[in-house]
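Pasting run11.txt here (compact mmCIF, C-alpha atoms):
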# COMPACT_ATOMS: atom_id res chain seq x y z
CA THR T 1 0.00 0.00 0.00
CA THR T 2 0.98 3.63 -0.43
CA VAL T 3 1.25 6.12 2.44
CA TYR T 4 1.28 9.86 1.80
CA HIS T 5 3.01 11.88 4.52
CA GLU T 6 4.12 15.52 4.45
CA GLY T 7 3.99 15.69 0.67
CA ALA T 8 6.04 12.51 0.11
CA LYS T 9 4.99 9.06 -1.09
CA TRP T 10 6.01 6.01 0.95
CA GLN T 11 5.49 2.30 0.33
CA PHE T 12 5.76 -0.82 2.44
CA ALA T 13 9.29 -2.26 2.65
CA CYS T 14 9.12 -5.00 5.33
CA PHE T 15 7.78 -5.96 8.73
CA PHE T 16 9.76 -5.20 11.85
CA VAL T 17 10.97 -8.37 13.62
CA PRO T 18 10.56 -7.94 17.42
CA ILE T 19 13.86 -7.28 19.17
CA GLY T 20 15.19 -10.46 20.75
CA ALA T 21 12.63 -12.70 19.03
CA GLY T 22 14.76 -13.45 15.98
CA SER T 23 11.65 -14.25 13.95
CA LEU T 24 8.01 -13.34 13.38
CA GLN T 25 6.94 -16.91 14.15
CA GLN T 26 5.37 -15.88 17.47
CA ARG T 27 2.87 -13.70 15.56
CA VAL T 28 1.72 -16.53 13.30
CA VAL T 29 -1.80 -17.71 14.24
CA THR T 30 -4.11 -20.42 12.87
CA ARG T 31 -7.91 -20.16 12.99
CA LYS T 32 -10.92 -22.02 11.62
CA LEU T 33 -13.37 -20.05 9.49
CA CYS T 34 -16.95 -21.27 9.05
CA ARG T 35 -17.81 -21.32 5.35
CA HIS T 36 -21.52 -20.98 6.17
CA CYS T 37 -21.65 -17.84 8.29
CA ALA T 38 -18.04 -16.48 8.32
CA ALA T 39 -17.56 -16.79 12.09
CA TRP T 40 -14.04 -17.70 13.22
CA SER T 41 -13.17 -20.30 15.83
CA GLU T 42 -10.17 -21.63 17.69
CA GLN T 43 -8.48 -24.74 16.27
CA HIS T 44 -9.78 -27.04 19.01
CA GLU T 45 -13.46 -26.09 18.52
CA ASP T 46 -15.58 -28.60 16.61
CA ARG T 47 -18.71 -26.49 16.04
CA CYS T 48 -19.26 -22.95 14.82
CA PRO T 49 -20.12 -20.67 17.78
CA ASN T 50 -22.56 -18.70 15.61
CA CYS T 51 -24.53 -21.08 13.37
CA GLY T 52 -23.67 -24.41 15.05
CA ALA T 53 -22.33 -26.06 11.87
CA GLU T 54 -19.78 -28.83 12.33
CA LEU T 55 -16.34 -27.43 11.50
CA ALA T 56 -15.10 -30.32 9.41
CA GLY T 57 -14.50 -31.05 5.73
CA THR T 58 -15.83 -28.42 3.37
CA ASN T 59 -17.70 -26.61 6.19
CA ALA T 60 -14.51 -25.01 7.47
CA GLU T 61 -11.42 -23.29 6.12
CA ILE T 62 -8.23 -23.39 8.15
CA VAL T 63 -6.34 -20.13 7.70
CA THR T 64 -2.84 -19.35 8.94
CA PHE T 65 -2.10 -15.65 9.15
CA LEU T 66 0.41 -13.14 10.43
CA GLU T 67 -0.97 -10.69 12.99
CA MET T 68 0.24 -7.40 11.59
CA PRO T 69 3.38 -6.08 13.37
CA ASN T 70 4.89 -2.62 12.86
CA VAL T 71 6.16 -1.99 9.34
CA ARG T 72 9.04 -0.13 7.76
CA LEU T 73 8.35 2.18 4.82
CA GLU T 74 10.60 3.37 2.03
CA ARG T 75 10.23 6.51 -0.01
CA ARG T 76 9.12 6.10 -3.63
CA GLU T 77 9.18 8.75 -6.35
CA ARG T 78 7.29 6.66 -8.87
CA ILE T 79 5.73 3.25 -9.23
CA THR T 80 5.69 0.98 -12.30
CA CYS T 81 2.65 0.45 -14.52
CA ASN T 82 2.33 -3.14 -13.22
CA GLU T 83 2.17 -1.92 -9.65
CA GLU T 84 -0.42 0.71 -10.60
CA GLU T 85 -2.57 -1.95 -12.28
CA ARG T 86 -2.44 -4.24 -9.21
CA GLN T 87 -3.31 -1.39 -6.89
CA LEU T 88 -6.30 -0.43 -9.04
CA ARG T 89 -7.59 -4.01 -8.87
CA GLY T 90 -6.96 -4.16 -5.12
CA TYR T 91 -6.54 -6.85 -2.53
CA ALA T 92 -8.80 -9.81 -1.81
CA ILE T 93 -10.15 -8.95 1.64
CA GLN T 94 -11.94 -11.54 3.79
CA VAL T 95 -13.86 -10.70 6.96
CA ALA T 96 -14.67 -13.04 9.86
CA PHE T 97 -16.19 -12.36 13.28
CA ARG T 98 -16.58 -13.83 16.74
CA PHE T 99 -19.06 -12.71 19.38
CA ALA T 100 -17.93 -11.65 22.84
CA ALA T 101 -18.16 -14.45 25.38
CA VAL T 102 -20.43 -14.35 28.42
CA GLU T 103 -21.23 -16.97 31.06
CA SER T 104 -24.30 -18.19 29.18
CA GLY T 105 -22.53 -18.46 25.81
CA ALA T 106 -22.12 -15.55 23.39
CA ARG T 107 -23.16 -11.91 23.71
CA PHE T 108 -25.70 -10.90 21.08
CA VAL T 109 -29.29 -9.70 20.66
CA ASP T 110 -31.66 -11.16 18.07
CA ALA T 111 -34.65 -9.42 16.50
CA ASP T 112 -37.19 -10.17 13.77
CA VAL T 113 -38.25 -7.72 11.07
CA ARG T 114 -41.89 -8.07 10.04
CA THR T 115 -43.86 -6.28 7.36
CA ALA T 116 -47.08 -4.40 8.10
CA ASP T 117 -49.09 -7.61 7.48
CA GLY T 118 -46.91 -9.65 9.88
CA ARG T 119 -44.77 -11.43 7.28
CA PRO T 120 -41.16 -12.12 8.41
CA LEU T 121 -38.71 -10.32 6.15
CA LEU T 122 -35.28 -10.15 7.82
CA ALA T 123 -33.53 -11.55 10.89
CA LEU T 124 -31.21 -9.20 12.81
CA ARG T 125 -28.38 -10.09 15.16
CA TYR T 126 -26.60 -7.29 17.00
CA ALA T 127 -23.29 -8.17 18.68
CA PRO T 128 -21.59 -5.55 20.87
CA ALA T 129 -17.82 -5.78 21.42
CA ALA T 130 -17.40 -8.55 18.84
CA THR T 131 -13.94 -9.44 17.54
CA LEU T 132 -13.64 -8.61 13.85
CA LEU T 133 -10.88 -10.41 11.94
CA THR T 134 -9.91 -8.76 8.64
CA LEU T 135 -7.72 -10.93 6.39
CA ASN T 136 -5.72 -9.77 3.38
CA ARG T 137 -5.49 -12.82 1.09
CA GLY T 138 -3.26 -11.22 -1.56
CA TRP T 139 -3.84 -9.47 -4.86
CA ARG T 140 -7.13 -10.19 -6.60
CA VAL T 141 -5.30 -10.89 -9.88
CA SER T 142 -2.74 -13.26 -8.36
CA ARG T 143 -2.85 -16.95 -9.28
CA SER T 144 -2.21 -17.95 -5.65
CA THR T 145 -3.69 -16.76 -2.36
CA ASP T 146 -1.93 -15.06 0.55
CA PHE T 147 1.66 -13.76 0.73
CA VAL T 148 5.07 -15.40 0.99
CA VAL T 149 6.68 -13.87 4.10
CA ASP T 150 10.25 -14.35 5.27
CA LEU T 151 9.69 -14.68 9.02
CA ALA T 152 13.41 -14.17 9.71
CA THR T 153 13.72 -10.78 8.02
CA GLY T 154 10.11 -9.56 7.74
CA GLU T 155 10.29 -9.23 3.96
CA VAL T 156 7.34 -10.07 1.72
CA VAL T 157 8.83 -12.13 -1.11
CA SER T 158 7.52 -11.95 -4.68
CA GLU T 159 6.06 -15.10 -6.26
CA GLU T 160 9.11 -15.60 -8.49
CA GLU T 161 11.74 -14.91 -5.88
CA PRO T 162 11.48 -17.96 -3.51
CA GLY T 163 12.78 -20.40 -6.12
CA SER T 164 15.10 -17.96 -7.87
CA SER T 165 18.50 -19.39 -8.74
CA ARG T 166 20.08 -15.91 -8.67
CA ARG T 167 20.09 -15.79 -4.88
CA SER T 168 23.63 -15.75 -3.45
CA PRO T 169 24.64 -18.95 -1.59
CA LYS T 170 26.13 -16.73 1.15
CA ALA T 171 22.82 -15.01 1.83
CA PRO T 172 21.25 -15.72 5.24
CA LYS T 173 18.92 -18.69 5.42
CA ARG T 174 15.30 -17.80 4.86
CA GLU T 175 12.28 -18.83 6.91
CA LEU T 176 9.54 -18.65 4.29
CA ALA T 177 5.85 -19.18 4.97
CA ARG T 178 2.71 -18.55 2.92
CA LEU T 179 0.43 -16.50 5.16
CA ALA T 180 -2.53 -14.18 5.09
CA LEU T 181 -2.08 -10.80 6.77
CA ALA T 182 -4.58 -10.00 9.49
CA VAL T 183 -5.81 -7.34 11.90
CA GLN T 184 -8.12 -8.01 14.85
CA GLU T 185 -10.39 -5.26 16.20
CA THR T 186 -13.19 -5.02 18.76
CA ARG T 187 -16.28 -3.57 17.12
CA ASN T 188 -20.07 -3.43 17.45
CA LEU T 189 -21.62 -5.22 14.50
CA LEU T 190 -25.02 -6.04 13.04
CA LEU T 191 -25.80 -9.07 10.87
CA VAL T 192 -28.86 -8.73 8.61
CA ARG T 193 -29.91 -12.18 7.40
CA LEU T 194 -32.12 -12.36 4.33
CA LEU T 195 -35.03 -14.81 4.76
CA ASP T 196 -36.30 -14.76 1.16
CA PRO T 197 -34.25 -17.30 -0.89
CA GLU T 198 -34.76 -15.32 -4.11
CA LEU T 199 -33.43 -12.15 -2.48
CA ARG T 200 -30.59 -14.07 -0.84
CA ASP T 201 -29.41 -15.57 -4.14
CA ASP T 202 -29.69 -12.39 -6.24
CA PRO T 203 -26.36 -10.47 -6.08
CA VAL T 204 -27.90 -7.31 -7.56
CA ARG T 205 -30.77 -7.07 -5.07
CA ARG T 206 -28.76 -7.94 -1.97
CA THR T 207 -25.84 -5.63 -2.90
CA THR T 208 -28.19 -2.77 -3.73
CA LEU T 209 -30.09 -3.32 -0.48
CA ARG T 210 -26.84 -3.30 1.51
CA ILE T 211 -25.62 -0.03 -0.02
CA ALA T 212 -29.08 1.57 0.23
CA LEU T 213 -29.34 0.72 3.95
CA HIS T 214 -25.79 1.96 4.50
CA ARG T 215 -26.66 5.27 2.88
CA GLY T 216 -29.95 5.40 4.81
CA LEU T 217 -28.10 4.85 8.11
CA GLY T 218 -25.86 7.80 7.35
CA GLN T 219 -28.79 10.08 6.63
CA ALA T 220 -31.04 8.91 9.47
CA PHE T 221 -28.34 9.22 12.15
CA GLN T 222 -26.14 11.98 10.64
CA LEU T 223 -23.06 9.77 10.11
CA GLU T 224 -20.11 10.07 7.77
CA GLU T 225 -19.74 7.33 5.18
CA LEU T 226 -16.69 5.78 6.84
CA GLU T 227 -18.20 5.72 10.35
CA ILE T 228 -20.23 2.64 9.40
CA GLY T 229 -18.50 -0.16 7.49
CA THR T 230 -20.42 -2.69 5.41
CA ASP T 231 -19.69 -6.01 3.77
CA GLU T 232 -21.31 -9.32 2.83
CA VAL T 233 -20.50 -12.51 4.70
CA GLY T 234 -21.50 -16.17 4.70
CA SER T 235 -23.22 -18.34 2.13
CA GLY T 236 -26.53 -20.13 1.57
CA GLU T 237 -29.09 -19.69 4.35
CA GLN T 238 -26.45 -18.01 6.55
CA ARG T 239 -25.61 -15.30 4.01
CA ALA T 240 -25.90 -11.94 5.73
CA LEU T 241 -25.28 -8.24 5.25
CA LEU T 242 -22.69 -7.01 7.75
CA PHE T 243 -22.67 -3.51 9.24
CA VAL T 244 -19.86 -2.41 11.58
CA GLU T 245 -19.48 0.65 13.80
CA GLU T 246 -15.94 1.75 12.90
CA ALA T 247 -15.62 4.39 15.62
CA GLU T 248 -13.58 3.37 18.66
CA GLY T 249 -15.99 2.55 21.48
CA GLY T 250 -18.97 2.39 19.11
CA LEU T 251 -21.66 4.85 18.04
CA GLY T 252 -24.78 3.32 19.60
CA VAL T 253 -26.55 3.32 16.23
CA LEU T 254 -26.74 -0.38 15.36
CA ARG T 255 -28.13 -1.22 18.80
CA ARG T 256 -31.09 1.06 18.09
CA LEU T 257 -32.02 -1.01 15.05
CA VAL T 258 -32.79 -4.04 17.23
CA GLU T 259 -34.18 -2.20 20.27
CA GLU T 260 -36.42 0.45 18.68
CA PRO T 261 -39.38 -0.96 16.72
CA ASP T 262 -39.38 1.82 14.11
CA ALA T 263 -35.66 2.64 13.75
CA LEU T 264 -35.13 0.37 10.74
CA ALA T 265 -38.26 1.81 9.11
CA GLN T 266 -36.73 5.30 9.45
CA VAL T 267 -33.53 4.08 7.79
CA ALA T 268 -35.51 2.50 4.94
CA GLY T 269 -37.49 5.72 4.53
CA GLU T 270 -34.26 7.68 4.12
CA ALA T 271 -33.02 5.08 1.63
CA LEU T 272 -36.22 5.50 -0.40
CA ARG T 273 -35.70 9.25 -0.45
CA LEU T 274 -32.04 8.94 -1.50
CA CYS T 275 -32.94 6.45 -4.24
CA HIS T 276 -35.31 9.00 -5.85
CA PHE T 277 -38.53 7.17 -4.92
CA THR T 278 -40.19 10.17 -3.26
CA PRO T 279 -41.73 13.11 -5.17
CA GLU T 280 -39.23 15.66 -3.86
CA THR T 281 -36.17 13.58 -4.87
CA ALA T 282 -37.42 11.95 -8.09
CA ARG T 283 -34.83 11.83 -10.90
CA PRO T 284 -36.06 10.17 -14.12
CA ASP T 285 -32.56 10.46 -15.63
CA CYS T 286 -31.08 8.05 -13.01
CA ASP T 287 -31.30 4.67 -14.75
CA ALA T 288 -29.81 2.39 -12.06
CA ALA T 289 -27.51 4.35 -9.72
CA CYS T 290 -25.94 7.77 -9.59
CA SER T 291 -23.74 9.85 -7.32
CA GLU T 292 -26.79 11.28 -5.57
CA CYS T 293 -28.21 7.89 -4.57
CA LEU T 294 -26.07 4.74 -4.43
CA LEU T 295 -22.72 5.58 -5.99
CA THR T 296 -20.11 6.73 -3.48
CA TYR T 297 -16.34 6.50 -3.30
CA SER T 298 -16.50 3.13 -1.50
CA SER T 299 -19.36 1.63 -3.53
CA ALA T 300 -18.09 2.62 -6.99
CA ARG T 301 -16.39 -0.76 -7.55
CA LEU T 302 -19.81 -2.43 -7.04
CA ALA T 303 -21.50 -0.31 -9.74
CA ARG T 304 -22.38 -3.32 -11.91
CA PHE T 305 -24.42 -4.77 -9.00
CA LEU T 306 -26.35 -1.59 -8.19
CA ASP T 307 -29.89 -1.05 -9.47
CA ARG T 308 -32.22 1.09 -7.38
CA PHE T 309 -35.33 -0.27 -9.12
CA ALA T 310 -34.45 -3.82 -8.01
CA VAL T 311 -35.10 -2.96 -4.35
CA GLU T 312 -37.90 -0.38 -4.57
CA ASP T 313 -40.62 -2.78 -3.37
CA LEU T 314 -38.34 -4.16 -0.65
CA LEU T 315 -37.49 -0.70 0.67
CA ARG T 316 -41.17 0.26 0.72
CA ALA T 317 -41.93 -2.89 2.73
CA LEU T 318 -39.11 -2.06 5.16
CA ALA T 319 -40.35 1.53 5.51
CA GLY T 320 -43.56 0.11 7.01
CA CYS T 321 -41.93 -2.67 9.01
CA THR T 322 -41.61 -3.20 12.76
CA VAL T 323 -38.69 -4.79 14.59
CA GLU T 324 -39.48 -7.26 17.36
CA ARG T 325 -36.61 -7.94 19.71
CA ARG T 326 -36.31 -11.52 20.90
CA SER T 327 -35.63 -12.32 24.53
CA ASP T 328 -32.95 -15.01 24.85
CA SER T 329 -33.54 -15.67 21.14
CA VAL T 330 -37.20 -16.58 21.86
CA PRO T 331 -39.85 -15.23 19.45
CA TYR T 332 -41.99 -12.36 20.76
CA GLU T 333 -45.20 -14.39 21.18
CA GLU T 334 -43.44 -17.16 23.11
CA GLN T 335 -41.78 -14.66 25.45
CA LEU T 336 -45.11 -12.90 26.04
CA ALA T 337 -46.82 -16.20 26.88
CA ARG T 338 -43.98 -17.17 29.23
CA LEU T 339 -44.19 -13.85 31.09
CA LEU T 340 -48.00 -13.91 31.34
CA ALA T 341 -47.80 -17.37 32.91
CA ARG T 342 -45.56 -16.00 35.66
CA CYS T 343 -47.69 -12.97 36.50
CA GLU T 344 -49.15 -12.86 40.01
CA SER T 345 -51.72 -10.10 39.56
CA SER T 346 -54.10 -8.71 36.98
CA LEU T 347 -52.11 -5.43 37.02
CA GLU T 348 -48.97 -7.22 35.88
CA ARG T 349 -50.88 -8.90 33.06
CA ALA T 350 -52.42 -5.56 32.04
CA PHE T 351 -48.93 -4.02 31.86
CA LEU T 352 -47.68 -6.81 29.57
CA GLU T 353 -50.77 -6.52 27.37
CA ALA T 354 -50.16 -2.78 27.05
CA LEU T 355 -46.60 -3.48 25.86
CA ALA T 356 -47.79 -6.13 23.43
CA SER T 357 -50.48 -3.87 21.99
CA ARG T 358 -47.72 -1.61 20.59
CA ARG T 359 -45.15 -4.43 20.09
CA LEU T 360 -42.86 -2.75 22.62
CA ARG T 361 -39.90 -4.42 24.26
CA LEU T 362 -40.88 -7.18 26.66
CA PRO T 363 -39.11 -7.84 29.97
CA ASP T 364 -36.36 -10.44 30.06
CA ASP T 365 -37.68 -11.99 33.27
CA ALA T 366 -40.56 -11.85 35.75
CA GLN T 367 -40.69 -12.22 39.53
CA THR T 368 -36.94 -11.66 39.74
CA LEU T 369 -35.35 -12.22 43.16
CA ILE T 370 -32.69 -9.71 44.23
CA GLU T 371 -30.22 -10.89 46.87
CA GLU T 372 -29.11 -7.49 48.19
CA PRO T 373 -31.26 -5.75 49.23
CA ARG T 374 -33.57 -8.73 49.64
CA CYS T 375 -36.64 -8.11 47.49
CA ARG T 376 -38.49 -9.29 44.40
CA ALA T 377 -39.04 -7.17 41.29
CA ASP T 378 -42.14 -7.73 39.18
CA PHE T 379 -40.10 -7.55 35.94
CA PHE T 380 -36.45 -7.31 34.95
CA TYR T 381 -34.75 -5.83 31.87
CA ARG T 382 -31.10 -6.58 31.21
CA PRO T 383 -28.68 -5.38 32.33
CA ASN T 384 -29.98 -3.60 35.44
CA VAL T 385 -33.57 -2.30 35.11
CA LEU T 386 -36.14 -3.39 37.72
CA VAL T 387 -39.83 -2.68 37.08
CA PHE T 388 -42.30 -2.55 39.99
CA ILE T 389 -46.06 -2.57 39.33
CA ASP T 390 -47.59 -0.83 42.36
CA GLY T 391 -51.20 -1.66 43.20
CA PRO T 392 -53.50 0.09 45.74
CA HIS T 393 -51.90 -1.62 48.77
CA HIS T 394 -48.64 0.28 48.06
CA ASP T 395 -50.46 3.48 49.13
CA ARG T 396 -50.83 2.24 52.70
CA PRO T 397 -48.91 4.35 55.28
CA THR T 398 -47.07 1.27 56.54
CA VAL T 399 -45.94 0.20 53.05
CA VAL T 400 -44.80 3.55 51.58
CA PRO T 401 -41.67 3.98 53.76
CA LEU T 402 -40.72 0.33 53.28
CA ASP T 403 -40.90 0.72 49.49
CA GLU T 404 -38.82 3.91 49.61
CA ARG T 405 -36.12 2.29 51.76
CA VAL T 406 -35.81 -0.80 49.54
CA ARG T 407 -35.73 1.17 46.31
CA ARG T 408 -33.08 3.59 47.61
CA ALA T 409 -30.96 0.58 48.47
CA LEU T 410 -31.46 -0.82 44.96
CA LEU T 411 -30.26 2.44 43.45
CA ALA T 412 -27.20 2.37 45.71
CA HIS T 413 -26.41 -1.13 44.40
CA GLY T 414 -26.44 0.05 40.77
CA TYR T 415 -29.97 -0.91 39.72
CA ARG T 416 -32.32 1.37 37.83
CA VAL T 417 -35.81 1.38 39.34
CA VAL T 418 -38.96 2.02 37.28
CA VAL T 419 -42.23 2.26 39.20
CA LEU T 420 -45.56 2.06 37.34
CA ARG T 421 -48.81 2.74 39.21
CA TYR T 422 -52.29 1.26 38.96
CA ASP T 423 -54.08 4.66 38.80
CA GLU T 424 -52.46 6.07 35.64
CA PRO T 425 -52.89 4.93 32.02
CA TRP T 426 -50.26 2.33 31.14
CA LEU T 427 -49.16 3.83 27.84
CA GLU T 428 -48.72 7.30 29.35
CA GLN T 429 -46.36 5.86 31.95
CA ILE T 430 -44.56 3.63 29.44
CA ARG T 431 -43.98 6.62 27.16
CA ARG T 432 -41.76 8.20 29.85
CA TYR T 433 -39.14 5.43 29.47
CA PRO T 434 -38.43 4.98 25.73
CA GLU T 435 -34.88 3.79 26.49
CA VAL T 436 -36.36 0.84 28.44
CA PHE T 437 -39.57 -0.10 26.62
CA GLY T 438 -39.00 1.52 23.24
CA PRO T 439 -40.68 4.61 21.78
CA VAL T 440 -44.49 4.71 21.85
CA SER T 441 -45.96 6.03 18.61
CA SER T 442 -48.80 8.48 19.00
Translate this structure into structure tokens?
Amino acid sequence: TTVYHEGAKWQFACFFVPIGAGSLQQRVVTRKLCRHCAAWSEQHEDRCPNCGAELAGTNAEIVTFLEMPNVRLERRERITCNEEERQLRGYAIQVAFRFAAVESGARFVDADVRTADGRPLLALRYAPAATLLTLNRGWRVSRSTDFVVDLATGEVVSEEEPGSSRRSPKAPKRELARLALAVQETRNLLLVRLLDPELRDDPVRRTTLRIALHRGLGQAFQLEELEIGTDEVGSGEQRALLFVEEAEGGLGVLRRLVEEPDALAQVAGEALRLCHFTPETARPDCDAACSECLLTYSSARLARFLDRFAVEDLLRALAGCTVERRSDSVPYEEQLARLLARCESSLERAFLEALASRRLRLPDDAQTLIEEPRCRADFFYRPNVLVFIDGPHHDRPTVVPLDERVRRALLAHGYRVVVLRYDEPWLEQIRRYPEVFGPVSS
């Protein structure tokens, strides 16, 4: 690659070998990549941590890569026409991911996208603090994959050079290995899985949808193009559109798409506007894609797969969709039935029915016991929200101070306490906590 610094052009020369190590061997890592969903695994793991596929035979690819060390650059005044051609064609980049681990397994949130008539359209999976592995597999035009690296010196050797007979017999012994080059980062990511097989297998429709949603995200949440990365991962039923928050520490945008019922609809509405499907932005002279809709600096190489008309109906369906967050990967209706079965009063059931009437976020648990201070919350939202449904008996003079003391103690222990009363309309109270239950449309 080329680096421009203070008016000069610099190019990669070699990797720095760590002082005292004598070789880059300690930075060579081997991983398994799932060919179905693009999740990466450790060598000893037999099943994919994301889709559950057995990591054997053609289901898995074993990749050995060099975790990128520091590099040395050399100044270049000009580059040859062959080098220019290779740079224009670019590198073959491969992306893999792994969700953050928690005691119960992996850390992610699932949600279903349904059209206005209740038809399932997309499946969302948001993963905070996931490990993103970006692999450089060599030049796209090369006949072989990966790079030949001399681990002793840090040089990247050309394809012709390893077997060259012109090398001096007095030259130091080489430690050559064919490796991918890799960088690992911690990022918030969103996987959008396409449920319609026709959409999933059509490269034009899925690529156009990915770029349209990327552009819609930027407009809906006032983001620069490079603040959200996008790619396509997986194959078959596990093929998914990948969106990544590139900012260090995250942006909090992708989480909203699985937690707010109408956030994805807003993004699709912006995509419709950008793609000239609204009266104020209509452009009859845009045949498939233009610089005002889908063509940007990063999407220009995908121009042959971009056609705004191919996704018009899909974007209109998404603009009227609702997102239903799953609890522990359980569908909305099953979670509602499970919570209703655990209710101990008609007020608790009325609260859940009020949430369900607007498809708002359901609690993760009911009748949750808290060890310190010793009490029981009517409902619990991860990670720390306790909901109390107060009936008429909570107005008794003997009960009021007890409630206040317990709830102050809960706040001191890091819990957030939400109290909903029997004598106020449910939706009016719910509307005060959009960050917990989701926004209530008027």
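Take atom CA of Thr368 of chain T and atom CA of Leu420 of chain T: the distance between them is 16.4 Å.
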* Asked: Within 9 Å of Gly229 of chain T, counting all atoms listed in the file, which residues qualify if same-chain residues fewer than 4 places away don't, as an NGL selection string?
  -> :T and (214 or 225 or 242-246)
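With distances taken over all atoms listed in the file, T:Leu410 is the one residue among T:Ala300, T:Cys343, T:Leu410, T:Leu352 lying closest to Glu371 of chain T.
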ask   = Which residues, written as a list in words, have at least one atom at most 8 Å from segment 216-219 of chain T, with all atoms listed in the file counted and residues fewer than 6 positions away on the same chain left out?
value = Glu225, Ile228, Val267, Ala268, Gly269, Glu270, Ala271 and Leu274 of chain T
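Using all atoms listed in the file, the smallest distance between any of T:Asp201, T:His44, T:Leu33, T:Val109 and Ala60 of chain T comes from T:Leu33.
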Residues near segment 121-131 of chain T, cut-off 7 Å, all atoms listed in the file, skip fewer than 5 positions along chain, as a CSV table (one decimal) with C-alpha atoms, in the coordinates of the input:
chain,number,residue,atom,x,y,z
T,97,PHE,CA,-16.2,-12.4,13.3
T,98,ARG,CA,-16.6,-13.8,16.7
T,99,PHE,CA,-19.1,-12.7,19.4
T,100,ALA,CA,-17.9,-11.6,22.8
T,107,ARG,CA,-23.2,-11.9,23.7
T,108,PHE,CA,-25.7,-10.9,21.1
T,109,VAL,CA,-29.3,-9.7,20.7
T,110,ASP,CA,-31.7,-11.2,18.1
T,111,ALA,CA,-34.6,-9.4,16.5
T,112,ASP,CA,-37.2,-10.2,13.8
T,113,VAL,CA,-38.2,-7.7,11.1
T,114,ARG,CA,-41.9,-8.1,10.0
T,115,THR,CA,-43.9,-6.3,7.4
T,184,GLN,CA,-8.1,-8.0,14.8
T,185,GLU,CA,-10.4,-5.3,16.2
T,186,THR,CA,-13.2,-5.0,18.8
T,187,ARG,CA,-16.3,-3.6,17.1
T,188,ASN,CA,-20.1,-3.4,17.4
T,189,LEU,CA,-21.6,-5.2,14.5
T,190,LEU,CA,-25.0,-6.0,13.0
T,191,LEU,CA,-25.8,-9.1,10.9
T,192,VAL,CA,-28.9,-8.7,8.6
T,193,ARG,CA,-29.9,-12.2,7.4
T,194,LEU,CA,-32.1,-12.4,4.3
T,195,LEU,CA,-35.0,-14.8,4.8
T,255,ARG,CA,-28.1,-1.2,18.8
T,258,VAL,CA,-32.8,-4.0,17.2
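If you count all atoms listed in the file and ignore residues fewer than 3 places along the chain from segment 358-365 of chain T, what sits within 8 Å of it is Glu259, Pro261, Glu324, Arg325, Ser327, Asp328, Tyr332, Gln335, Leu336, Leu339, Leu352, Ala354, Leu355, Thr368, Phe379, Phe380, Tyr381, Arg382, Val436, Phe437, Gly438, Pro439 and Val440 of chain T.
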Contacts of Arg31 of chain T within 9 Å, only C-alpha atoms, excl. fewer than 6 positions in-chain, as a list of chain:residue names
T:Trp40, T:Ser41, T:Glu42, T:Gln43, T:Glu61, T:Ile62, T:Val63, T:Thr64, T:Phe65
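The space between atom CA of Asp117 of chain T and atom CA of Glu334 of chain T spans 19.2 Å.
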Here atom CA of Ser345 of chain T and atom CA of Ser441 of chain T stand apart by 27.1 Å
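The shortest atom-to-atom distance to Ala289 of chain T, with only C-alpha atoms taken into account, belongs to T:Thr208 out of T:Gln94, T:Ser357, T:Gln238, T:Thr208.
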Between T:Ser346, T:Ser299, T:Thr58, T:Ser142, smallest distance to Ser158 of chain T by all atoms listed in the file belongs to T:Ser142
Residue with the minimum atom-to-atom distance to Pro373 of chain T, picked from T:Leu295, T:Val406, T:Val311, T:Leu132 with only C-alpha atoms counted, is T:Val406
Box along x, y and z, 5 Å on every side, all listed atoms of segment 214-224 of chain T inside: centre and edge lengths in Å to one decimal, as JSON.
{"center_x": -25.6, "center_y": 7.0, "center_z": 7.5, "size_x": 20.9, "size_y": 20.0, "size_z": 19.3}
Is there a way to get, as a ChimeraX atom specification, all residues within 6 Å of the point (-12.4, -30.8, 13.5) in file coordinates, counting all atoms listed in the file? /T:46,55-56
Kindly export the residues of the current selection with C-alpha atoms, as a compact mmCIF listing (two decimals), in the coordinates of the input.
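Listing of part_11.txt after writing:
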# COMPACT_ATOMS: atom_id res chain seq x y z
CA ASP T 46 -15.58 -28.60 16.61
CA LEU T 55 -16.34 -27.43 11.50
CA ALA T 56 -15.10 -30.32 9.41
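For the set T:Leu254, T:Arg304, T:Leu264, T:Val183, the residue with the smallest atom-to-atom gap to Pro203 of chain T is T:Arg304, counting all atoms listed in the file.
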I'd like a table as CSV: residues in segment 128-221 of chain T with an atom no more than 9 Å from segment 11-27 of chain T, each row giving the shortest atom pair and its distance in Å to one decimal, all atoms listed in the file counted, sorted by chain and rising residue number.
residue,atom,partner,partner_atom,distance
T:Asp150,CA,T:Leu24,CA,8.5
T:Leu151,CA,T:Leu24,CA,4.9
T:Ala152,CA,T:Ser23,CA,4.6
T:Thr153,CA,T:Val17,CA,6.7
T:Gly154,CA,T:Phe15,CA,4.4
T:Glu155,CA,T:Cys14,CA,4.6
T:Val156,CA,T:Cys14,CA,6.5
T:Glu175,CA,T:Ser23,CA,8.4
